[in-house]
Every structure is written in structure tokens, then in C-alpha cells.
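Source file: start_8.csv. Holds: CSV, C-alpha atoms.
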```csv
chain,number,residue,atom,x,y,z
P,531,MET,CA,0.0,9.7,-15.3
P,532,LYS,CA,-3.6,9.1,-14.1
P,533,PRO,CA,-5.0,12.0,-12.1
P,534,THR,CA,-6.4,9.7,-9.4
P,535,VAL,CA,-4.5,6.5,-8.4
P,536,THR,CA,-4.9,3.8,-5.8
P,537,TYR,CA,-2.0,3.3,-3.4
P,538,GLU,CA,-1.4,0.0,-5.0
P,539,GLU,CA,-0.9,1.7,-8.4
P,540,VAL,CA,1.5,4.1,-6.8
P,541,LEU,CA,3.6,1.1,-5.5
P,542,GLU,CA,3.6,-0.3,-9.0
P,543,ARG,CA,4.7,3.0,-10.6
P,544,GLY,CA,7.4,3.2,-7.9
P,545,LYS,CA,9.2,0.2,-9.5
P,546,THR,CA,10.2,2.4,-12.5
P,547,LYS,CA,9.8,6.0,-11.2
P,548,LYS,CA,10.9,7.8,-8.0
P,549,ILE,CA,7.6,8.7,-6.4
P,550,GLY,CA,7.4,11.3,-3.6
P,551,PHE,CA,4.4,11.4,-1.2
P,552,VAL,CA,3.0,14.7,-0.1
P,553,ASP,CA,0.6,14.9,2.8
P,554,VAL,CA,-1.5,18.1,2.5
P,555,ARG,CA,-3.3,17.6,5.8
P,556,SER,CA,-2.6,19.8,8.9
P,557,PRO,CA,0.6,19.3,10.9
P,558,LYS,CA,-1.3,17.7,13.8
P,559,GLU,CA,-2.8,15.1,11.5
P,560,TYR,CA,0.6,14.5,9.9
P,561,GLN,CA,2.4,14.1,13.2
P,562,ASN,CA,-0.1,11.5,14.4
P,563,ALA,CA,0.3,9.2,11.4
P,564,THR,CA,1.2,9.5,7.7
P,565,ILE,CA,2.6,7.4,4.9
P,566,PRO,CA,6.3,6.8,5.8
P,567,GLY,CA,8.6,9.2,4.0
P,568,ALA,CA,5.8,11.6,3.1
P,569,VAL,CA,6.5,15.3,3.2
P,570,ASN,CA,4.0,17.6,4.9
P,571,ILE,CA,2.9,20.6,2.8
P,572,PRO,CA,-0.3,21.5,4.7
P,573,ILE,CA,-3.0,23.5,3.0
P,574,LEU,CA,-4.4,24.6,6.4
P,575,ASP,CA,-2.6,24.9,9.7
P,576,ASN,CA,-4.0,23.3,12.8
P,577,GLN,CA,-6.0,26.3,14.0
P,578,THR,CA,-7.4,27.0,10.5
P,579,ARG,CA,-8.4,23.4,10.0
P,580,GLU,CA,-10.2,23.4,13.4
P,581,THR,CA,-12.1,26.6,12.5
P,582,VAL,CA,-13.1,25.3,9.1
P,583,GLY,CA,-14.2,22.0,10.6
P,584,THR,CA,-16.4,23.8,13.2
P,585,LEU,CA,-18.0,25.9,10.4
P,586,TYR,CA,-18.8,22.7,8.5
P,587,VAL,CA,-20.3,21.0,11.5
P,588,ASN,CA,-22.5,24.1,12.1
P,589,GLY,CA,-23.7,23.9,8.5
P,590,GLU,CA,-21.9,27.1,7.5
P,591,ILE,CA,-20.5,25.5,4.3
P,592,SER,CA,-19.9,28.6,2.3
P,593,GLN,CA,-18.2,30.4,5.2
P,594,ALA,CA,-16.0,27.4,5.8
P,595,LYS,CA,-14.8,27.3,2.2
P,596,GLU,CA,-14.3,31.1,2.1
P,597,TYR,CA,-12.3,30.9,5.4
P,598,GLY,CA,-10.1,28.1,4.1
P,599,ILE,CA,-9.5,29.7,0.7
P,600,GLY,CA,-8.5,32.9,2.3
P,601,TYR,CA,-5.9,31.2,4.4
P,602,ALA,CA,-4.6,28.9,1.7
P,603,SER,CA,-4.3,31.6,-1.0
P,604,SER,CA,-1.7,33.5,1.0
P,605,LYS,CA,0.4,30.3,1.3
P,606,LEU,CA,0.3,29.3,-2.4
P,607,PRO,CA,3.7,30.9,-3.5
P,608,GLU,CA,5.5,29.2,-0.7
P,609,MET,CA,3.7,25.9,-1.4
P,610,TYR,CA,4.6,26.1,-5.1
P,611,ARG,CA,8.3,26.6,-4.2
P,612,GLN,CA,8.2,23.5,-2.0
P,613,TYR,CA,6.6,21.4,-4.8
P,614,GLU,CA,9.2,22.7,-7.2
P,615,GLY,CA,12.0,21.7,-4.8
P,616,LEU,CA,10.6,18.2,-4.4
P,617,LEU,CA,10.5,17.6,-8.2
P,618,GLU,CA,14.3,18.1,-8.2
P,619,GLU,CA,14.4,14.9,-6.2
P,620,TYR,CA,11.4,12.9,-7.4
P,621,ASP,CA,10.0,12.0,-10.9
P,622,GLU,CA,6.4,12.3,-9.8
P,623,LEU,CA,4.4,13.4,-6.7
P,624,ALA,CA,1.5,11.6,-5.1
P,625,LEU,CA,-0.7,13.9,-3.0
P,626,PHE,CA,-3.1,12.8,-0.3
P,627,CYS,CA,-5.4,14.3,2.4
P,628,SER,CA,-7.6,12.5,4.9
P,629,ARG,CA,-10.1,10.9,2.5
P,630,GLY,CA,-9.0,12.1,-0.9
P,631,GLY,CA,-11.4,15.1,-0.7
P,632,MET,CA,-11.4,18.8,-1.1
P,633,ARG,CA,-7.9,19.5,0.2
P,634,SER,CA,-6.0,17.2,-2.1
P,635,ARG,CA,-8.4,17.9,-5.0
P,636,SER,CA,-7.9,21.7,-4.8
P,637,ILE,CA,-4.1,21.7,-4.7
P,638,PHE,CA,-3.9,18.9,-7.3
P,639,ALA,CA,-6.0,20.8,-9.8
P,640,LEU,CA,-3.7,23.9,-9.4
P,641,LEU,CA,-0.4,22.0,-9.7
P,642,LYS,CA,-1.7,19.9,-12.7
P,643,ALA,CA,-2.8,23.1,-14.5
P,644,LEU,CA,0.8,24.4,-14.0
P,645,GLY,CA,2.1,21.3,-15.7
P,646,MET,CA,3.5,19.4,-12.7
P,647,PRO,CA,3.7,15.6,-12.7
P,648,VAL,CA,1.3,15.0,-9.8
P,649,SER,CA,-1.5,12.6,-9.0
P,650,ARG,CA,-3.9,12.2,-6.1
P,651,ILE,CA,-4.3,9.0,-4.0
P,652,GLN,CA,-7.8,7.6,-4.1
P,653,GLY,CA,-9.3,7.6,-0.6
P,654,GLY,CA,-6.4,9.7,0.8
P,655,TYR,CA,-4.7,8.5,4.0
P,656,LYS,CA,-7.7,6.4,4.9
P,657,GLY,CA,-7.3,4.5,1.5
P,658,TYR,CA,-3.7,3.9,2.3
P,659,ARG,CA,-4.5,2.7,5.8
P,660,HIS,CA,-7.1,0.3,4.5
P,661,TYR,CA,-4.5,-1.1,2.1
P,662,VAL,CA,-2.0,-1.6,4.9
P,663,LEU,CA,-4.5,-3.4,7.2
P,664,GLU,CA,-5.7,-5.6,4.3
P,665,HIS,CA,-2.2,-6.8,3.3
P,666,LEU,CA,0.0,-6.6,6.4
P,667,GLU,CA,-1.0,-10.0,7.9
P,668,GLU,CA,-0.5,-11.8,4.6
P,669,GLN,CA,3.0,-10.3,4.2
P,670,ILE,CA,4.0,-11.2,7.8
P,671,THR,CA,2.6,-14.7,8.0
P,672,GLN,CA,4.3,-15.9,4.7
P,673,VAL,CA,7.8,-15.7,6.1
P,674,GLN,CA,9.9,-17.7,8.7
P,675,PHE,CA,11.3,-15.7,11.6
P,676,VAL,CA,14.7,-16.3,13.3
P,677,THR,CA,14.6,-14.3,16.6
P,678,LEU,CA,17.6,-13.1,18.5
P,679,TYR,CA,17.2,-13.2,22.3
P,680,GLY,CA,19.6,-12.0,25.0
P,681,LEU,CA,20.0,-9.6,28.0
P,682,SER,CA,20.2,-5.9,27.5
P,683,GLY,CA,23.5,-4.7,26.1
P,684,THR,CA,24.3,-8.0,24.2
P,685,GLY,CA,24.1,-6.1,20.9
P,686,LYS,CA,21.1,-7.7,19.3
P,687,THR,CA,20.2,-4.6,17.4
P,688,ALA,CA,23.7,-4.2,16.1
P,689,ILE,CA,23.7,-7.8,15.0
P,690,LEU,CA,20.5,-7.1,13.1
P,691,LYS,CA,22.0,-4.1,11.3
P,692,GLU,CA,25.0,-6.2,10.3
P,693,LEU,CA,22.8,-9.0,9.0
P,694,SER,CA,21.0,-6.3,6.9
P,695,ASN,CA,24.4,-5.0,5.6
P,696,LEU,CA,25.2,-8.6,4.6
P,697,GLY,CA,22.0,-8.7,2.5
P,698,GLU,CA,19.7,-10.6,4.9
P,699,SER,CA,16.1,-9.6,5.6
P,700,ILE,CA,15.4,-8.2,9.0
P,701,LEU,CA,12.5,-6.8,11.0
P,702,ASP,CA,13.7,-4.1,13.4
P,703,LEU,CA,10.8,-3.9,15.8
P,704,GLU,CA,12.4,-1.3,17.9
P,705,GLY,CA,13.0,0.9,14.9
P,706,CYS,CA,9.4,0.5,13.8
P,707,ALA,CA,8.2,1.5,17.2
P,708,ASN,CA,10.9,4.1,17.8
P,709,HIS,CA,11.3,2.6,21.2
P,710,ARG,CA,13.7,0.0,22.7
P,711,GLY,CA,11.0,-1.7,24.7
P,712,SER,CA,12.7,-1.4,28.1
P,713,LEU,CA,12.3,1.0,31.0
P,714,LEU,CA,14.8,3.2,29.3
P,715,GLY,CA,13.4,2.3,25.9
P,716,GLY,CA,12.2,5.8,25.0
P,717,VAL,CA,15.2,7.7,26.2
P,718,GLY,CA,16.8,9.6,23.3
P,719,LEU,CA,14.1,8.4,20.9
P,720,THR,CA,11.0,10.5,21.8
P,721,PRO,CA,8.4,10.8,20.6
P,722,ALA,CA,7.6,7.1,20.2
P,723,HIS,CA,5.5,6.2,17.1
P,724,SER,CA,1.7,5.9,17.2
P,725,GLN,CA,0.1,2.5,16.7
P,726,LYS,CA,-0.8,3.5,13.1
P,727,MET,CA,2.7,4.6,12.3
P,728,PHE,CA,4.1,1.4,13.9
P,729,GLU,CA,1.9,-0.7,11.6
P,730,SER,CA,2.9,1.4,8.6
P,731,TYR,CA,6.6,0.8,9.3
P,732,LEU,CA,5.9,-2.9,9.7
P,733,PHE,CA,4.3,-2.7,6.3
P,734,GLU,CA,7.2,-0.9,4.8
P,735,ALA,CA,9.6,-3.4,6.2
P,736,SER,CA,7.6,-6.4,4.9
P,737,LYS,CA,6.2,-5.3,1.6
P,738,HIS,CA,8.9,-6.9,-0.5
P,739,TRP,CA,9.1,-10.2,1.4
P,740,GLN,CA,8.5,-13.5,-0.5
P,741,LYS,CA,6.8,-16.6,0.7
P,742,GLY,CA,9.1,-18.9,2.8
P,743,GLN,CA,11.8,-16.2,3.2
P,744,VAL,CA,13.9,-16.2,6.4
P,745,VAL,CA,13.6,-12.9,8.3
P,746,PHE,CA,15.8,-12.1,11.4
P,747,THR,CA,14.3,-10.1,14.2
P,748,GLU,CA,14.8,-9.3,17.9
P,749,GLY,CA,12.9,-10.8,20.8
P,750,GLU,CA,10.4,-8.2,22.2
P,751,SER,CA,7.4,-8.3,24.4
P,752,LYS,CA,4.1,-7.8,22.7
P,753,ARG,CA,4.0,-4.2,23.9
P,754,ILE,CA,6.9,-2.0,22.8
P,755,GLY,CA,6.6,1.3,24.5
P,756,ARG,CA,3.2,2.8,23.5
P,757,VAL,CA,2.5,0.4,20.7
P,758,VAL,CA,1.3,-3.2,20.6
P,759,MET,CA,2.5,-5.9,18.2
P,760,PRO,CA,-0.3,-7.4,16.1
P,761,SER,CA,-1.3,-10.9,17.4
P,762,PHE,CA,-0.5,-12.5,14.0
P,763,LEU,CA,3.1,-11.1,14.2
P,764,ALA,CA,3.7,-12.1,17.8
P,765,GLU,CA,2.4,-15.6,17.1
P,766,LYS,CA,4.5,-16.0,13.9
P,767,ILE,CA,7.7,-14.9,15.8
P,768,GLN,CA,6.9,-17.3,18.7
P,769,ALA,CA,6.6,-20.2,16.1
P,770,GLY,CA,10.0,-19.5,14.6
P,771,SER,CA,13.6,-20.3,15.5
P,772,TYR,CA,15.6,-18.8,18.3
P,773,ILE,CA,19.2,-17.7,18.8
P,774,LEU,CA,20.5,-16.8,22.3
P,775,ILE,CA,23.1,-13.9,22.2
P,776,GLU,CA,25.5,-13.8,25.2
P,777,ALA,CA,28.1,-11.2,26.1
P,778,SER,CA,30.4,-10.4,29.0
P,779,LEU,CA,29.2,-7.9,31.6
P,780,ALA,CA,32.0,-5.5,30.6
P,781,TYR,CA,30.8,-5.6,27.0
P,782,ARG,CA,27.2,-5.1,28.0
P,783,ILE,CA,28.0,-2.1,30.3
P,784,GLU,CA,29.9,-0.4,27.4
P,785,LYS,CA,27.1,-1.1,24.9
P,786,ILE,CA,24.4,0.2,27.2
P,787,TYR,CA,26.5,3.3,27.8
P,788,GLN,CA,26.8,3.9,24.1
P,789,ASP,CA,23.1,3.3,23.4
P,790,TYR,CA,21.6,5.2,26.3
P,791,ILE,CA,24.0,7.5,28.0
P,792,GLU,CA,25.8,9.0,25.0
P,793,THR,CA,22.5,9.6,23.1
P,794,SER,CA,20.4,11.0,25.9
P,795,SER,CA,20.1,13.9,28.3
P,796,LEU,CA,20.5,13.5,32.0
P,797,GLU,CA,17.0,14.8,32.6
P,798,GLU,CA,15.5,12.0,30.3
P,799,LEU,CA,17.5,9.3,32.2
P,800,ILE,CA,16.4,10.6,35.6
P,801,GLN,CA,12.7,10.7,34.6
P,802,ALA,CA,12.9,7.1,33.3
P,803,LEU,CA,14.7,5.8,36.4
P,804,ASP,CA,12.2,7.5,38.6
P,805,GLN,CA,9.7,4.9,37.4
P,806,LEU,CA,11.6,2.3,39.4
P,807,LYS,CA,10.8,3.9,42.7
P,808,GLY,CA,7.6,2.0,43.1
P,809,MET,CA,9.4,-1.3,42.4
P,810,ILE,CA,12.7,-1.2,44.4
P,811,ASN,CA,14.2,0.8,47.3
P,812,PRO,CA,14.4,4.5,46.3
P,813,GLU,CA,18.0,4.6,47.6
P,814,LYS,CA,19.0,2.0,45.1
P,815,VAL,CA,17.3,4.0,42.3
```
Whole structure given in C-alpha cells:
Amino acid sequence: MKPTVTYEEVLERGKTKKIGFVDVRSPKEYQNATIPGAVNIPILDNQTRETVGTLYVNGEISQAKEYGIGYASSKLPEMYRQYEGLLEEYDELALFCSRGGMRSRSIFALLKALGMPVSRIQGGYKGYRHYVLEHLEEQITQVQFVTLYGLSGTGKTAILKELSNLGESILDLEGCANHRGSLLGGVGLTPAHSQKMFESYLFEASKHWQKGQVVFTEGESKRIGRVVMPSFLAEKIQAGSYILIEASLAYRIEKIYQDYIETSSLEELIQALDQLKGMINPEKV
């Protein structure tokens, strides 16, 4: 196993090996955006990373390194146990930090010296992000979309899941965004994904698609909660085929109840419905 690998090489190795991704960045960086499925084993916590960064900016390089080493050294036994646990599930581990720099290099050197099957992703998260942006449009625009349209509660998402169970390819936009796209779209699903994570999940969904393949998806506006659909994806969906899904009012009421009421708190629902007060009579709200 090469010590430093590109994300593309990791994908290739993943065809024969079970590869686990480990994000060694701080929890704050990880929560904002990461490689889908990656486990966070941070070398520095949020406060320590901020302090180290400030020291670096001020030119106090030696002090920054000493401060970071002091924190990380106390965490090494626990980190080692976490890596051991992951290797019970994965054949190999691919580590990454922000740019493939000091954080991933330091923990990689230690784990490698201890005989663990680990590698380090070239360019870190930024290298992965560059790969996604470079290949996502090509993957999306090579397929043909069939889009399900219909009023809320007609079960479009359930139909997509059943199509997937039957072996068809789907693009679950709401799942990628972690938001249903409507006024109540974030209820029970918070927090919604960041734009970077949305694009990463689009990439994950599409990375095995083949040219000319038919992919089923659900009709959504270009903005889904806090994220925006890439223009090339919106245009490709609009150029595809359409299927209108209809259902009785009684069915729709039951479906909306299951999707929103049973999975959410009353407080969340009230906060979402309060947004209607500027649009319709408050008494109706």
C-alpha cells in the first residue's frame, strides 16, 4: 500500500478492499464538510486548533508545534484504540486532513511505524473536493433522468426507494440535502447538509453511473433548504422525462402525518409553521 495516494487511487483500491476514511481534522471542520462515511478522529479539538492557528499566523511556529504536540500526545492511547477498532471493520484506512499536511502526516507516520495498513490522501480534503468538482458534472450529464412530480404526500420519495429496491438507479435529492425542500422540509432532519456535503452526496450517488443510463429522481426546485442544485444538474433534469404521481387526499394526509408529525417534535413544527404568518392570516396558521 502506497504511503500517499490520490483519492482516485483510493476509489480504485476500494473495488477489491474495504477502505475506511478517517478525517483527522477538528470536529468543527468535520461537521461542516467531509468525505461521506468518514470517521472523525481529530488530532486537535476546536479550541486547540484555533490556538495553534493563531500562533502560526503570529509567526510563532515552534510554539504552535509544541502546543499542538502537547495536546495530541495525551490523546494518543485513545486514538490508537479507535484505529484498532476501525481495522476490525476495514481492510485499510485512508487518512486525510485539510491539505494533506502536518496533521495527517504526523499520525500516519506513527500508525505506519506500528504496522497498521494506513495511507494518506494526497492534498487532503481539498484534494478530494477538487476531484469531486472536476468529475461531478461529467457523471451527471451522461445519464437520462426520469423525474417524479406530484403534490406533497403523494409518496414520491417512497416510490424512489422502491425503485431502488428493484435495482433501478435513483438520485434522492432530498436525501443528499437532508431536507425535503418544503416549508416543513427541515423538520426532523436538522441539521441540513452544507453545500459542500450536498455536492459530495451527489457525487457518491452518481460515481458508478454509466453513459446513457436511466436515473429516477424527484421534482425539486433548484434550492433545497440551504443548498442549491448545480445548474448542470437542474438543466439535465428539466431536459428529461416526467411522470405525474397522483393520490387521494386521505392518502396524502396519512403520508404527511407519517413523514412529518411522527418524526418531529411539536416545537419544530410550530417554528416551521410560524414562517407562514407573513404570507397568510395568522389565525389560519
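Summary of the local environment: counting all atoms listed in the file, residues at most 10 Å from Glu729 of chain P, other than itself and those fewer than 6 positions away along its chain, are P:Arg659, P:Val662, P:Leu663, P:Leu666, P:Cys706, P:Ala707, P:His723, P:Ala735, P:Val757, P:Val758, P:Met759, P:Pro760.
Atom pair atom CA of Arg782 of chain P / atom CA of Glu704 of chain P has a distance of 18.3 Å (rounded to one decimal).
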inquiry  = What's around segment 555-557 of chain P at 9 Å? Count all atoms listed in the file, leave out sequence neighbours fewer than 3 positions away in its own chain, and write the answer as a PyMOL selection string.
reply    = chain P and resi 560-562+570-579+626-628+633-634
message = Need to verify the contact set: Glu698 of chain P, 12 Å, only C-alpha atoms, exclusion of same-chain residues closer than 5 positions in sequence. Can you return it as a PyMOL selection string?
response = chain P and resi 675-676+689-693+739+743-747
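Closest approach to Pro566 of chain P among P:Arg710, P:Glu813, P:Glu734, P:Ser771: P:Glu734, based on only C-alpha atoms.
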ask   = Using all atoms listed in the file, which residue out of P:Gln768, P:Ser761, P:Ser730, P:Gln593 lies closest to Leu678 of chain P?
value = P:Gln768
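The two atoms in question, atom CA of Tyr537 of chain P and atom CA of Tyr620 of chain P, are spaced 17.0 Å apart.
Shortest separation to Gln788 of chain P among P:Leu774, P:Ala688, P:Leu681, P:Leu585 occurs at residue P:Ala688, atoms counted being all atoms listed in the file.
Checking P:Phe551, P:Tyr731, P:Tyr787, P:Tyr679 one by one against Ser649 of chain P, counting all atoms listed in the file, you find the shortest gap at P:Phe551.
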All file atoms of segment 589-601 of chain P boxed axis-aligned, 4 Å per side, centre plus edges, as AutoDock Vina command-line options:
```
--center_x -14.8 --center_y 28.4 --center_z 4.6 --size_x 25.8 --size_y 17.0 --size_z 15.8
```
inquiry  = If I take atom CA of Ser794 of chain P and atom CA of Glu559 of chain P, how far is one from the other in Å, to one decimal?
reply    = 27.6 Å
Sphere at (-5.5, 7.8, -13.9), radius 12 Å, counting all atoms listed in the file: residues as a compact mmCIF listing (two decimals) with C-alpha atoms, in the coordinates of the input:
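What landed in out.txt:
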```
# COMPACT_ATOMS: atom_id res chain seq x y z
CA MET P 531 0.00 9.70 -15.30
CA LYS P 532 -3.60 9.10 -14.10
CA PRO P 533 -5.00 12.00 -12.10
CA THR P 534 -6.40 9.70 -9.40
CA VAL P 535 -4.50 6.50 -8.40
CA THR P 536 -4.90 3.80 -5.80
CA TYR P 537 -2.00 3.30 -3.40
CA GLU P 539 -0.90 1.70 -8.40
CA VAL P 540 1.50 4.10 -6.80
CA ARG P 543 4.70 3.00 -10.60
CA ALA P 624 1.50 11.60 -5.10
CA VAL P 648 1.30 15.00 -9.80
CA SER P 649 -1.50 12.60 -9.00
CA ARG P 650 -3.90 12.20 -6.10
CA ILE P 651 -4.30 9.00 -4.00
CA GLN P 652 -7.80 7.60 -4.10
```
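For the set P:Leu606, P:Met809, P:Leu616, P:Val552, the residue with the smallest atom-to-atom gap to Leu640 of chain P is P:Leu606, counting only C-alpha atoms.
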inquiry  = Within 12 Å of (10.3, -3.7, 24.5) in the file's own coordinates, which protein, DNA or RNA residues have an atom, counting only C-alpha atoms? List them as a PyMOL selection string.
reply    = chain P and resi 679+681-682+702-716+722+748-759
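Of the residues listed (P:Phe733, P:Val554, P:Asp804, P:Gly685), P:Phe733 shows the shortest atom-to-atom separation from Glu664 of chain P; distances use only C-alpha atoms.
Those residues that approach Glu619 of chain P to within 9 Å, counting all atoms listed in the file, are P:Lys548, P:Gly550, P:Gly615, P:Leu616, P:Leu617, P:Asp621; same-chain residues fewer than 2 positions away are not listed.
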inquiry  = I want to know what sits within 8 Å of Arg629 of chain P, based on all atoms listed in the file, with residues of the same chain fewer than 3 positions away left out; could you give that as a PyMOL selection string?
reply    = chain P and resi 626+652-657
Generate the output file for the selected residues, C-alpha atoms, as an mmCIF file, in the coordinates of the input.
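Printed below is result.cif as written:
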```cif
data_model
loop_
_atom_site.group_PDB
_atom_site.id
_atom_site.type_symbol
_atom_site.label_atom_id
_atom_site.label_comp_id
_atom_site.auth_asym_id
_atom_site.auth_seq_id
_atom_site.Cartn_x
_atom_site.Cartn_y
_atom_site.Cartn_z
ATOM 1 C CA PHE P 626 -3.100 12.800 -0.300
ATOM 2 C CA GLN P 652 -7.800 7.600 -4.100
ATOM 3 C CA GLY P 653 -9.300 7.600 -0.600
ATOM 4 C CA GLY P 654 -6.400 9.700 0.800
ATOM 5 C CA TYR P 655 -4.700 8.500 4.000
ATOM 6 C CA LYS P 656 -7.700 6.400 4.900
ATOM 7 C CA GLY P 657 -7.300 4.500 1.500
#
```
